[in-house]
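run-v6.csv follows (CSV, C-alpha atoms):
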```
chain,number,residue,atom,x,y,z
R,4,MET,CA,-23.8,-15.8,6.0
R,5,VAL,CA,-20.8,-15.6,8.4
R,6,SER,CA,-22.0,-15.8,12.0
R,7,VAL,CA,-19.9,-13.8,14.4
R,8,PRO,CA,-20.4,-13.9,18.2
R,9,SER,CA,-21.5,-10.5,19.5
R,10,SER,CA,-18.6,-10.5,22.0
R,11,ALA,CA,-16.1,-10.5,19.1
R,12,ARG,CA,-17.8,-7.5,17.4
R,13,SER,CA,-17.4,-5.1,20.3
R,14,PRO,CA,-14.6,-2.6,19.6
R,15,ARG,CA,-11.9,-2.5,22.2
R,16,PRO,CA,-11.6,1.0,23.7
R,17,GLY,CA,-8.5,3.1,24.0
R,18,ARG,CA,-6.9,2.2,20.6
R,19,PRO,CA,-4.5,4.9,19.2
R,20,SER,CA,-5.4,6.4,15.9
R,21,ARG,CA,-1.9,6.0,14.5
R,22,LEU,CA,0.5,3.2,15.2
R,23,ALA,CA,4.2,4.1,15.3
R,24,ALA,CA,5.1,0.4,15.1
R,25,LEU,CA,3.6,0.3,11.6
R,26,ASP,CA,5.6,3.3,10.5
R,27,GLY,CA,8.7,1.5,11.7
R,28,LEU,CA,7.7,-1.6,9.8
R,29,ARG,CA,7.2,0.5,6.7
R,30,LEU,CA,10.7,1.8,7.0
R,31,ILE,CA,12.2,-1.7,7.5
R,32,ALA,CA,10.3,-3.0,4.4
R,33,ALA,CA,11.5,-0.1,2.3
R,34,LEU,CA,15.1,-0.5,3.3
R,35,MET,CA,14.9,-4.3,2.6
R,36,VAL,CA,13.8,-3.5,-1.0
R,37,VAL,CA,16.5,-0.8,-1.4
R,38,LEU,CA,19.3,-3.0,-0.2
R,39,TYR,CA,18.0,-5.8,-2.4
R,40,HIS,CA,18.3,-3.5,-5.5
R,41,TYR,CA,21.7,-2.0,-4.5
R,42,ILE,CA,23.5,-5.0,-3.1
R,43,ALA,CA,21.8,-8.2,-4.3
R,44,LEU,CA,21.0,-7.1,-7.9
R,45,GLY,CA,24.1,-4.9,-7.8
R,46,SER,CA,23.1,-2.8,-10.9
R,47,GLY,CA,25.0,0.4,-11.1
R,48,TRP,CA,28.3,-1.0,-9.6
R,49,GLN,CA,31.2,-1.5,-12.0
R,50,THR,CA,32.5,-4.2,-9.6
R,51,PRO,CA,30.3,-7.3,-8.8
R,52,SER,CA,28.3,-6.4,-5.7
R,53,GLU,CA,29.0,-9.7,-4.1
R,54,ALA,CA,32.7,-8.9,-4.0
R,55,LEU,CA,32.0,-5.5,-2.6
R,56,PHE,CA,29.6,-6.6,0.1
R,57,PRO,CA,30.5,-10.3,0.9
R,58,THR,CA,28.9,-10.1,4.3
R,59,ALA,CA,25.8,-8.2,3.5
R,60,PHE,CA,25.0,-9.9,0.2
R,61,PRO,CA,23.5,-13.2,1.6
R,62,PHE,CA,21.1,-11.1,3.7
R,63,ALA,CA,20.3,-8.5,1.0
R,64,ALA,CA,19.5,-11.4,-1.4
R,65,TYR,CA,16.2,-11.9,0.5
R,66,GLY,CA,15.3,-8.2,0.6
R,67,TRP,CA,12.6,-8.7,-2.1
R,68,LEU,CA,10.4,-10.0,0.8
R,69,GLY,CA,10.0,-6.4,1.9
R,70,VAL,CA,7.3,-6.1,-0.7
R,71,GLN,CA,5.3,-8.9,1.0
R,72,LEU,CA,5.6,-7.0,4.3
R,73,PHE,CA,4.3,-3.9,2.6
R,74,PHE,CA,1.3,-5.8,1.4
R,75,LEU,CA,0.6,-7.1,4.9
R,76,ILE,CA,0.8,-3.6,6.3
R,77,SER,CA,-1.4,-2.3,3.5
R,78,GLY,CA,-4.3,-4.7,4.3
R,79,PHE,CA,-4.1,-3.6,8.0
R,80,VAL,CA,-3.8,0.2,7.2
R,81,ILE,CA,-6.6,0.3,4.6
R,82,CYS,CA,-9.1,-1.1,7.1
R,83,MET,CA,-7.8,1.2,9.8
R,84,SER,CA,-7.9,4.4,7.8
R,85,CYS,CA,-11.2,3.7,6.0
R,86,TRP,CA,-13.3,2.5,8.9
R,87,GLY,CA,-16.4,4.7,9.2
R,88,ARG,CA,-15.8,6.5,5.9
R,89,SER,CA,-18.0,6.6,2.8
R,90,LEU,CA,-16.9,5.3,-0.6
R,91,GLY,CA,-16.2,8.9,-1.7
R,92,GLU,CA,-14.0,9.4,1.3
R,93,PHE,CA,-12.2,6.1,0.6
R,94,PHE,CA,-11.6,7.1,-3.0
R,95,THR,CA,-10.4,10.6,-2.1
R,96,SER,CA,-8.0,9.2,0.6
R,97,ARG,CA,-6.4,6.8,-1.9
R,98,VAL,CA,-6.0,9.3,-4.7
R,99,VAL,CA,-4.5,11.8,-2.3
R,100,ARG,CA,-2.2,9.3,-0.8
R,101,LEU,CA,-0.8,7.7,-4.0
R,102,TYR,CA,-0.6,10.2,-6.7
R,103,PRO,CA,1.3,13.4,-5.6
R,104,ALA,CA,4.6,11.6,-4.7
R,105,TYR,CA,4.1,9.3,-7.6
R,106,TRP,CA,3.8,12.1,-10.2
R,107,PHE,CA,7.0,13.7,-8.8
R,108,ALA,CA,8.8,10.3,-9.0
R,109,VAL,CA,7.8,9.6,-12.6
R,110,LEU,CA,9.0,13.1,-13.7
R,111,ALA,CA,12.2,13.1,-11.6
R,112,THR,CA,13.2,9.6,-12.8
R,113,THR,CA,12.5,10.5,-16.4
R,114,ALA,CA,14.6,13.7,-16.0
R,115,VAL,CA,17.6,11.8,-14.5
R,116,LEU,CA,17.4,9.2,-17.3
R,117,VAL,CA,17.3,12.0,-19.9
R,118,LEU,CA,20.2,13.9,-18.4
R,119,VAL,CA,22.6,11.0,-17.7
R,120,PRO,CA,24.2,9.9,-21.0
R,121,GLY,CA,24.6,6.2,-21.6
R,122,GLY,CA,22.5,5.2,-18.6
R,123,TYR,CA,19.3,3.3,-18.4
R,124,GLU,CA,16.8,3.7,-21.3
R,125,ARG,CA,14.2,6.3,-20.7
R,126,ARG,CA,10.6,5.7,-21.9
R,127,PRO,CA,9.1,7.7,-24.8
R,128,TRP,CA,7.3,10.8,-23.7
R,129,ALA,CA,3.9,9.3,-24.6
R,130,ASP,CA,4.7,6.4,-22.3
R,131,VAL,CA,5.7,8.8,-19.5
R,132,LEU,CA,2.3,10.5,-19.8
R,133,ILE,CA,0.6,7.1,-19.6
R,134,ASN,CA,2.7,6.3,-16.5
R,135,LEU,CA,1.4,9.4,-14.8
R,136,THR,CA,-2.1,7.7,-14.7
R,137,MET,CA,-0.7,4.7,-12.9
R,138,LEU,CA,-2.5,2.5,-15.4
R,139,HIS,CA,0.4,1.8,-17.6
R,140,GLU,CA,0.4,-2.0,-16.9
R,141,PRO,CA,-3.2,-2.7,-18.0
R,142,LEU,CA,-2.6,-0.5,-21.0
R,143,GLY,CA,0.5,-2.5,-22.0
R,144,VAL,CA,3.0,0.3,-21.4
R,145,ARG,CA,6.4,-0.3,-19.7
R,146,PRO,CA,6.9,1.5,-16.4
R,147,VAL,CA,9.3,4.4,-16.1
R,148,ASP,CA,10.8,2.6,-13.1
R,149,PRO,CA,10.2,-1.2,-12.5
R,150,VAL,CA,9.3,-0.7,-8.8
R,151,TYR,CA,5.9,0.7,-10.0
R,152,TRP,CA,4.5,-2.8,-10.4
R,153,THR,CA,3.5,-2.9,-6.8
R,154,LEU,CA,1.3,0.1,-7.2
R,155,TYR,CA,-0.8,-1.7,-9.7
R,156,ALA,CA,-1.2,-4.5,-7.2
R,157,GLU,CA,-2.3,-1.9,-4.6
R,158,LEU,CA,-4.8,-0.4,-7.1
R,159,ARG,CA,-6.5,-3.7,-7.7
R,160,PHE,CA,-6.7,-4.3,-3.9
R,161,TYR,CA,-8.4,-0.9,-3.6
R,162,LEU,CA,-10.8,-1.7,-6.4
R,163,LEU,CA,-11.9,-4.9,-4.7
R,164,PHE,CA,-12.0,-3.2,-1.3
R,165,ALA,CA,-14.3,-0.5,-2.6
R,166,LEU,CA,-17.0,-3.2,-2.8
R,167,VAL,CA,-17.0,-3.3,1.0
R,168,ALA,CA,-16.4,0.4,1.5
R,169,TRP,CA,-19.5,1.1,-0.7
R,170,ARG,CA,-21.8,-0.4,1.9
R,171,GLY,CA,-19.7,0.7,4.9
R,172,LEU,CA,-17.1,-1.3,6.8
R,173,THR,CA,-18.4,-3.7,9.5
R,174,TYR,CA,-16.8,-6.6,11.2
R,175,ARG,CA,-19.1,-9.1,9.3
R,176,ARG,CA,-18.6,-7.5,5.9
R,177,VAL,CA,-14.8,-7.3,6.1
R,178,LEU,CA,-14.7,-10.9,7.4
R,179,LEU,CA,-16.9,-12.1,4.6
R,180,PHE,CA,-14.8,-10.2,2.0
R,181,CYS,CA,-11.7,-11.9,3.3
R,182,CYS,CA,-13.2,-15.3,3.0
R,183,LEU,CA,-14.8,-14.8,-0.5
R,184,TRP,CA,-11.6,-13.2,-1.9
R,185,GLY,CA,-9.5,-16.2,-0.7
R,186,VAL,CA,-12.0,-18.7,-2.1
R,187,ALA,CA,-12.1,-16.9,-5.4
R,188,ALA,CA,-8.3,-16.8,-5.6
R,189,LEU,CA,-8.1,-20.5,-4.9
R,190,ALA,CA,-10.7,-21.2,-7.6
R,191,PHE,CA,-8.6,-19.1,-10.1
R,192,THR,CA,-5.5,-21.0,-9.1
R,193,LYS,CA,-7.3,-24.3,-9.8
R,194,PHE,CA,-9.3,-23.4,-12.9
R,195,GLY,CA,-7.5,-20.4,-14.4
R,196,GLY,CA,-8.9,-17.4,-16.3
R,197,GLU,CA,-6.5,-14.7,-17.2
R,198,ALA,CA,-8.9,-11.7,-17.0
R,199,LEU,CA,-10.2,-12.9,-13.6
R,200,GLY,CA,-6.7,-13.3,-12.3
R,201,GLN,CA,-5.9,-9.7,-13.2
R,202,PHE,CA,-8.3,-8.6,-10.5
R,203,LEU,CA,-8.0,-11.3,-7.9
R,204,LEU,CA,-4.2,-11.1,-7.3
R,205,PRO,CA,-4.1,-14.9,-6.6
R,206,GLY,CA,-0.4,-14.7,-5.8
R,207,HIS,CA,-0.4,-11.7,-3.5
R,208,CYS,CA,-4.0,-11.5,-2.1
R,209,TRP,CA,-3.0,-13.6,0.9
R,210,TYR,CA,-1.0,-10.7,2.4
R,211,PHE,CA,-3.8,-8.2,2.0
R,212,ILE,CA,-6.3,-10.7,3.5
R,213,ALA,CA,-4.1,-11.5,6.4
R,214,GLY,CA,-3.5,-7.7,7.0
R,215,MET,CA,-7.3,-7.2,7.1
R,216,ALA,CA,-7.7,-10.1,9.5
R,217,PHE,CA,-5.0,-8.6,11.7
R,218,TYR,CA,-6.9,-5.3,11.8
R,219,LEU,CA,-10.1,-7.0,12.9
R,220,MET,CA,-8.1,-8.6,15.7
R,221,TYR,CA,-6.7,-5.1,16.6
R,222,ARG,CA,-10.0,-3.2,16.5
R,223,PHE,CA,-12.1,-5.9,18.1
R,224,ARG,CA,-10.3,-8.9,19.6
R,225,PRO,CA,-8.5,-12.1,18.3
R,226,THR,CA,-10.7,-15.1,17.6
R,227,ALA,CA,-10.0,-18.6,16.5
R,228,LEU,CA,-11.6,-17.8,13.1
R,229,LEU,CA,-9.3,-14.8,12.5
R,230,TRP,CA,-6.2,-16.8,13.6
R,231,GLY,CA,-7.4,-19.5,11.2
R,232,ILE,CA,-7.6,-17.0,8.3
R,233,VAL,CA,-4.1,-15.7,9.1
R,234,LEU,CA,-2.6,-19.2,9.1
R,235,VAL,CA,-4.4,-20.2,5.9
R,236,CYS,CA,-3.0,-17.0,4.3
R,237,PHE,CA,0.5,-17.8,5.4
R,238,ALA,CA,0.3,-21.3,4.0
R,239,ALA,CA,-1.3,-20.2,0.8
R,240,SER,CA,1.3,-17.5,0.2
R,241,LEU,CA,4.2,-20.0,0.1
R,242,PRO,CA,3.8,-21.3,-3.5
R,243,THR,CA,4.1,-17.8,-4.9
R,244,ALA,CA,7.0,-17.0,-2.5
R,245,ARG,CA,8.8,-20.2,-3.7
R,246,ALA,CA,8.3,-19.1,-7.3
R,247,THR,CA,9.6,-15.7,-6.6
R,248,TRP,CA,12.6,-17.2,-4.8
R,249,ARG,CA,13.4,-19.4,-7.8
R,250,ALA,CA,13.2,-16.4,-10.1
R,251,SER,CA,15.5,-14.5,-7.8
R,252,VAL,CA,18.0,-17.4,-7.8
R,253,ARG,CA,18.0,-17.4,-11.6
R,254,GLN,CA,18.5,-13.6,-11.8
R,255,LEU,CA,21.3,-13.5,-9.2
R,256,ASP,CA,22.8,-16.7,-10.5
R,257,LYS,CA,23.5,-17.8,-7.0
R,258,GLY,CA,22.5,-20.9,-5.0
R,259,MET,CA,20.5,-19.6,-2.1
R,260,PRO,CA,18.4,-21.8,0.2
R,261,PHE,CA,14.6,-21.4,0.5
R,262,TRP,CA,14.4,-21.7,4.3
R,263,PRO,CA,15.3,-18.0,4.9
R,264,VAL,CA,12.2,-17.1,2.9
R,265,LEU,CA,10.1,-19.1,5.4
R,266,VAL,CA,11.9,-17.4,8.3
R,267,VAL,CA,11.4,-13.8,7.0
R,268,LEU,CA,7.7,-14.5,6.1
R,269,ALA,CA,7.1,-16.0,9.5
R,270,LEU,CA,8.7,-13.0,11.2
R,271,SER,CA,6.6,-10.6,9.1
R,272,PHE,CA,3.4,-12.4,10.2
R,273,ALA,CA,4.6,-12.6,13.8
R,274,VAL,CA,5.4,-8.9,14.0
R,275,MET,CA,2.0,-8.1,12.6
R,276,ALA,CA,0.4,-10.4,15.1
R,277,LEU,CA,2.2,-8.4,17.9
R,278,VAL,CA,0.7,-5.2,16.4
R,279,ALA,CA,-2.8,-6.8,16.1
R,280,THR,CA,-2.8,-8.0,19.7
R,281,GLY,CA,-1.7,-4.6,21.1
R,282,ARG,CA,1.7,-5.7,22.2
R,283,ALA,CA,3.3,-3.0,20.1
R,284,ASP,CA,1.2,-0.1,21.4
R,285,TRP,CA,4.0,0.9,23.7
R,286,ILE,CA,6.1,2.0,20.7
R,287,ARG,CA,5.4,5.7,20.4
R,288,TRP,CA,8.6,7.3,19.2
R,289,ARG,CA,7.7,10.4,17.3
R,290,TRP,CA,10.6,10.0,14.8
R,291,LEU,CA,8.9,6.8,13.5
R,292,THR,CA,6.0,8.9,12.2
R,293,VAL,CA,8.4,11.0,10.2
R,294,ALA,CA,10.2,7.9,9.0
R,295,GLY,CA,7.0,6.2,7.9
R,296,ALA,CA,6.1,9.3,5.8
R,297,LEU,CA,9.4,8.9,4.0
R,298,THR,CA,9.0,5.3,2.9
R,299,TYR,CA,6.7,5.9,0.0
R,300,PRO,CA,8.8,8.6,-1.8
R,301,LEU,CA,12.0,6.6,-0.9
R,302,TYR,CA,10.5,3.5,-2.5
R,303,LEU,CA,9.5,5.4,-5.7
R,304,LEU,CA,12.7,7.2,-6.2
R,305,HIS,CA,15.4,4.7,-5.2
R,306,GLN,CA,15.9,2.2,-8.1
R,307,TYR,CA,16.9,3.9,-11.4
R,308,ILE,CA,18.0,7.1,-9.8
R,309,GLY,CA,20.1,5.2,-7.2
R,310,TRP,CA,21.7,3.0,-9.9
R,311,GLU,CA,22.6,6.0,-12.0
R,312,ILE,CA,24.2,7.7,-8.9
R,313,LEU,CA,26.1,4.5,-8.0
R,314,GLY,CA,27.5,4.1,-11.5
R,315,TYR,CA,28.7,7.7,-11.6
R,316,ALA,CA,30.1,7.9,-8.1
R,317,GLU,CA,32.0,4.6,-8.2
R,318,THR,CA,33.9,5.9,-11.3
R,319,HIS,CA,34.5,9.5,-10.1
R,320,ALA,CA,34.7,9.3,-6.3
R,321,ASP,CA,37.4,7.5,-4.4
R,322,LEU,CA,35.1,6.2,-1.6
R,323,SER,CA,34.6,2.9,0.2
R,324,PRO,CA,31.6,0.9,-1.2
R,325,TYR,CA,30.1,1.0,2.3
R,326,VAL,CA,30.5,4.8,2.6
R,327,LEU,CA,29.1,5.3,-0.9
R,328,LEU,CA,26.2,3.0,-0.2
R,329,GLY,CA,25.4,4.7,3.2
R,330,SER,CA,25.7,8.2,1.6
R,331,LEU,CA,23.4,7.2,-1.2
R,332,VAL,CA,20.7,5.8,1.1
R,333,GLY,CA,21.0,8.7,3.5
R,334,GLY,CA,20.8,11.2,0.6
R,335,LEU,CA,17.8,9.5,-0.8
R,336,MET,CA,16.1,9.6,2.6
R,337,LEU,CA,16.8,13.3,2.7
R,338,LEU,CA,15.4,13.7,-0.8
R,339,ALA,CA,12.3,11.7,0.3
R,340,PHE,CA,11.8,14.0,3.3
R,341,LEU,CA,12.0,17.1,1.0
R,342,VAL,CA,9.6,15.5,-1.4
R,343,HIS,CA,7.2,14.7,1.4
R,344,ARG,CA,7.4,18.3,2.9
R,345,LEU,CA,7.6,20.4,-0.3
R,346,VAL,CA,5.7,18.3,-2.8
R,347,GLU,CA,3.6,15.7,-1.3
R,348,LYS,CA,1.9,17.6,1.5
R,349,PRO,CA,1.0,20.8,-0.4
R,350,LEU,CA,0.0,18.9,-3.5
R,351,SER,CA,-2.1,16.5,-1.5
R,352,ARG,CA,-4.0,19.4,0.1
R,353,TRP,CA,-4.7,20.9,-3.3
R,354,LEU,CA,-5.7,17.5,-4.8
R,355,LYS,CA,-7.9,16.7,-1.9
R,356,ARG,CA,-9.9,19.9,-2.4
R,357,LYS,CA,-10.3,19.2,-6.1
R,358,VAL,CA,-11.4,15.6,-5.7
R,359,ARG,CA,-13.9,16.5,-3.0
R,360,ALA,CA,-15.3,19.3,-5.1
R,361,GLY,CA,-15.7,16.9,-8.0
R,362,LEU,CA,-17.5,14.3,-5.9
R,363,GLU,CA,-19.7,17.0,-4.3
R,364,GLU,CA,-20.7,18.3,-7.7
R,365,ALA,CA,-21.5,14.8,-8.9
R,366,ALA,CA,-23.5,14.1,-5.7
R,367,ALA,CA,-25.5,17.3,-6.1
R,368,HIS,CA,-26.7,16.2,-9.5
R,369,SER,CA,-27.1,12.5,-9.0
R,370,ALA,CA,-30.5,12.3,-7.2
R,371,PRO,CA,-33.6,11.8,-9.4
R,372,SER,CA,-36.3,14.5,-9.2
R,373,GLY,CA,-39.7,14.2,-7.8
R,374,ASP,CA,-39.0,12.1,-4.7
R,375,ASN,CA,-38.9,13.0,-1.0
R,376,ARG,CA,-35.5,14.6,-0.4
R,377,LEU,CA,-33.9,16.6,2.3
R,378,ARG,CA,-31.5,19.2,1.1
R,379,VAL,CA,-28.2,19.5,3.0
R,380,ARG,CA,-26.3,22.7,2.9
R,381,PRO,CA,-22.5,23.0,3.0
R,382,GLY,CA,-21.0,22.5,6.4
R,383,HIS,CA,-23.3,19.8,7.6
R,384,ARG,CA,-21.4,16.9,9.3
R,385,ASN,CA,-22.2,13.2,8.7
R,386,ALA,CA,-23.6,12.8,12.3
R,387,GLU,CA,-26.1,15.6,11.7
R,388,VAL,CA,-27.3,14.1,8.5
R,389,ARG,CA,-27.7,10.7,10.1
R,390,GLY,CA,-29.9,12.3,12.7
R,391,LEU,CA,-32.0,13.9,10.0
R,392,ARG,CA,-32.4,10.5,8.3
R,393,LYS,CA,-34.3,9.1,11.3
R,394,GLY,CA,-37.3,11.1,10.1
R,395,GLY,CA,-37.4,9.3,6.8
R,396,GLY,CA,-36.8,10.5,3.3
R,397,ARG,CA,-33.7,10.9,1.3
R,398,VAL,CA,-30.8,13.4,1.4
R,399,GLU,CA,-29.6,15.6,-1.4
R,400,ALA,CA,-26.5,17.7,-1.1
R,401,GLU,CA,-26.2,21.2,-2.4
R,402,PRO,CA,-22.8,22.1,-4.1
R,403,GLY,CA,-20.2,22.3,-1.4
R,404,ALA,CA,-21.8,19.8,0.9
R,405,HIS,CA,-19.7,16.8,2.0
R,406,ALA,CA,-20.1,14.0,-0.5
R,407,SER,CA,-20.4,11.4,2.2
R,408,VAL,CA,-23.8,12.7,3.3
R,409,LEU,CA,-25.4,10.9,0.5
R,410,THR,CA,-25.0,7.6,2.4
R,411,HIS,CA,-28.4,5.8,2.5
R,412,ALA,CA,-30.0,5.3,5.9
R,413,GLY,CA,-29.1,2.0,7.5
R,414,ARG,CA,-25.7,1.8,5.8
R,415,ALA,CA,-24.0,1.5,9.2
R,416,GLY,CA,-24.3,-2.3,8.9
R,417,ASP,CA,-25.9,-5.3,10.4
R,418,ASP,CA,-23.9,-5.3,13.5
R,419,GLY,CA,-23.9,-1.5,14.1
R,420,HIS,CA,-20.1,-1.1,13.9
R,421,ARG,CA,-18.6,1.4,11.5
```

Encoding of this model in structure tokens:
Amino acid sequence: MVSVPSSARSPRPGRPSRLAALDGLRLIAALMVVLYHYIALGSGWQTPSEALFPTAFPFAAYGWLGVQLFFLISGFVICMSCWGRSLGEFFTSRVVRLYPAYWFAVLATTAVLVLVPGGYERRPWADVLINLTMLHEPLGVRPVDPVYWTLYAELRFYLLFALVAWRGLTYRRVLLFCCLWGVAALAFTKFGGEALGQFLLPGHCWYFIAGMAFYLMYRFRPTALLWGIVLVCFAASLPTARATWRASVRQLDKGMPFWPVLVVLALSFAVMALVATGRADWIRWRWLTVAGALTYPLYLLHQYIGWEILGYAETHADLSPYVLLGSLVGGLMLLAFLVHRLVEKPLSRWLKRKVRAGLEEAAAHSAPSGDNRLRVRPGHRNAEVRGLRKGGGRVEAEPGAHASVLTHAGRAGDDGHR
């Protein structure tokens, strides 16, 4: 059992519900990946990209580290957004967040690959349908766009995190989860086991774990134990980072030093530390919230669609490479904004209603008959139901009641923090 001083488990007051600094970091991470694909990999250009962008190329060659920054942010944000929520609410929030923009991106990318002759190979229609489930990788199907590999990593993180969300998030439980996940990943690295490795993410789990530790610092306060977890995660992430760097060197066929990888990773951890200790709370520019909302559609749409546009525009438009690149990135950000406003938001509202209705229906028929139950009508809030629990007995929801009311009494956790 992890023993945590009570002073470390008292939430700090006055914390904002949304952090503009994280939205800004999301945008930076997305642009790092975009520039890596457009400048470093250089696919789509007829001329070698290193010749087109001699100054930007050495920096863009390390843009793949934007994915690691994404994972750090994800560990922080999942804790932040799911604290105090039930497992059903956690499941609903993840489905609503991931799938609407993803469905559009899969279909849009497929359409572009079909319509552009002689471009990148499109996947068979059966593979496209499987891609829509976001489970193509475990089913052995190639992705419509290679950038989707990170989504499967996120799904595995959510699956593991659901073990904590099932009982309710508390300081002690999240801390214990971080420690056990790290130990299990180390054991896999030492002893192997392919099936186990599929779930433990031994190469990337350190960013998610560090992100969760950073959130515990933010919600409560920094402790030596949490700083120790972060430092261990930074050190443990380096072997996989070095392996990715070597693969990038081979792919780009360029001699690039490893030390910039250390610098970028250290900066990523350092910036997250500033967020965790409240030193970035002063950043409240409203445009960052909009920018943060664009990063997911931008990430999903940029690679194959962008490469096809580059290949066509370089041949048919007499533009400077920098003008073409800037126009492409700006155009894709505008497209991402339209997808967010016209597709993601309305589809998310619809999907949220459907998922909630399904969970409520399942909850209404899940309790066994013949025991002492308290029936909850639609419209009851969680706080009301918790008050009713104090009298004893169990709670059963009628169709339309919120699924989270089926939380068992005492689920709030050992230390009383949700």

Check: Hey, which of R:Val266, R:Ala156, R:Ala296, R:Leu255 ends up closest to Pro51 in chain R? Count only C-alpha atoms.
Finding: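 Looking at the shortest contact to Pro51 in chain R, the residue is R:Leu255.
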
Note to self: For a quick check of understanding, using all atoms listed in the file, which of R:Leu166, R:Leu303, R:Leu101, R:Leu322 has the smallest distance to Val147 in chain R?
What the structure shows: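 Closest residue, counting all atoms listed in the file: R:Leu303.
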
Notebook entry, point to check: Which one of R:Leu301, R:Val98, R:Val119, R:Ala320 sits closest to His343 in chain R if you count only C-alpha atoms?
Noted result: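 Comparing R:Leu301, R:Val98, R:Val119, R:Ala320 against His343 in chain R, the winner is R:Leu301.
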
May I have a table of the residues of range 232-279 of chain R lying at most 12 Å from range 32-36 of chain R, giving each one's closest pair of atoms and their distance in Å to one decimal, counting only C-alpha atoms, ordered by chain and ascending residue number, as a Markdown table?
```
| residue | atom | partner | partner_atom | distance |
| --- | --- | --- | --- | --- |
| R:Val267 | CA | R:Met35 | CA | 11.0 |
| R:Leu268 | CA | R:Ala32 | CA | 11.9 |
| R:Ser271 | CA | R:Ala32 | CA | 9.7 |
```

Next item on the list: Provide the CA of Ala283 in chain R to CA of Ala24 in chain R distance in Å, to one decimal place.
Entry: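 Atom-to-atom, CA of Ala283 in chain R and CA of Ala24 in chain R are spaced 6.3 Å apart.
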
Margin query: Which residue is closest to Gly333 in chain R? Choose from R:Ile31, R:Glu124, R:His305, R:Tyr315 and count all atoms listed in the file.
Written below: R:His305

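Among the candidates R:Val167, R:Ile212, R:Val293, R:Met137, the residue lying nearest to Leu154 in chain R is R:Met137 (atoms considered: all atoms listed in the file).
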
Check: How many Å lie between CA of Ala366 in chain R and CA of Ala168 in chain R, rounded to one decimal?
Finding: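 If I compute the distance from CA of Ala366 in chain R to CA of Ala168 in chain R, I get 17.0 Å.
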
Next item on the list: Identify which of the residues R:Leu135, R:Leu90, R:Leu172, R:Leu142 lies closest to Leu362 in chain R, counting all atoms listed in the file when measuring atom-to-atom distances.
Entry: R:Leu90

Range 180-195 of chain R surroundings by all atoms listed in the file, 8 Å radius, close-in-sequence under 6 positions cut, as a JSON list (two decimals) with C-alpha atoms, keeping the file's coordinate frame:
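For reference, out-v7.json as written:
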```json
[["chain", "number", "residue", "atom", "x", "y", "z"],
["R", 167, "VAL", "CA", -17.00, -3.30, 1.00],
["R", 203, "LEU", "CA", -8.00, -11.30, -7.90],
["R", 204, "LEU", "CA", -4.20, -11.10, -7.30],
["R", 205, "PRO", "CA", -4.10, -14.90, -6.60],
["R", 208, "CYS", "CA", -4.00, -11.50, -2.10],
["R", 209, "TRP", "CA", -3.00, -13.60, 0.90],
["R", 212, "ILE", "CA", -6.30, -10.70, 3.50],
["R", 215, "MET", "CA", -7.30, -7.20, 7.10],
["R", 216, "ALA", "CA", -7.70, -10.10, 9.50],
["R", 232, "ILE", "CA", -7.60, -17.00, 8.30]]
```

Margin query: Within 8 Å of (-1.6, -7.7, -11.8) (file coordinates; all atoms listed in the file), which protein or nucleic acid residues are there? I'd like them as a list in words.
Written below: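 Collected hits near the coordinates: Glu140, Trp152, Tyr155, Ala156, Arg159, Gly200, Gln201, Phe202 and Leu204 of chain R.
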
Next item on the list: Name the residues in contact with Ser251 in chain R at a cut-off of 12 Å, using all atoms listed in the file, excluding same-chain residues fewer than 3 positions from it; report them as a ChimeraX atom specification.
Entry: /R:39-40,43-44,63-68,244-248,254-261,264
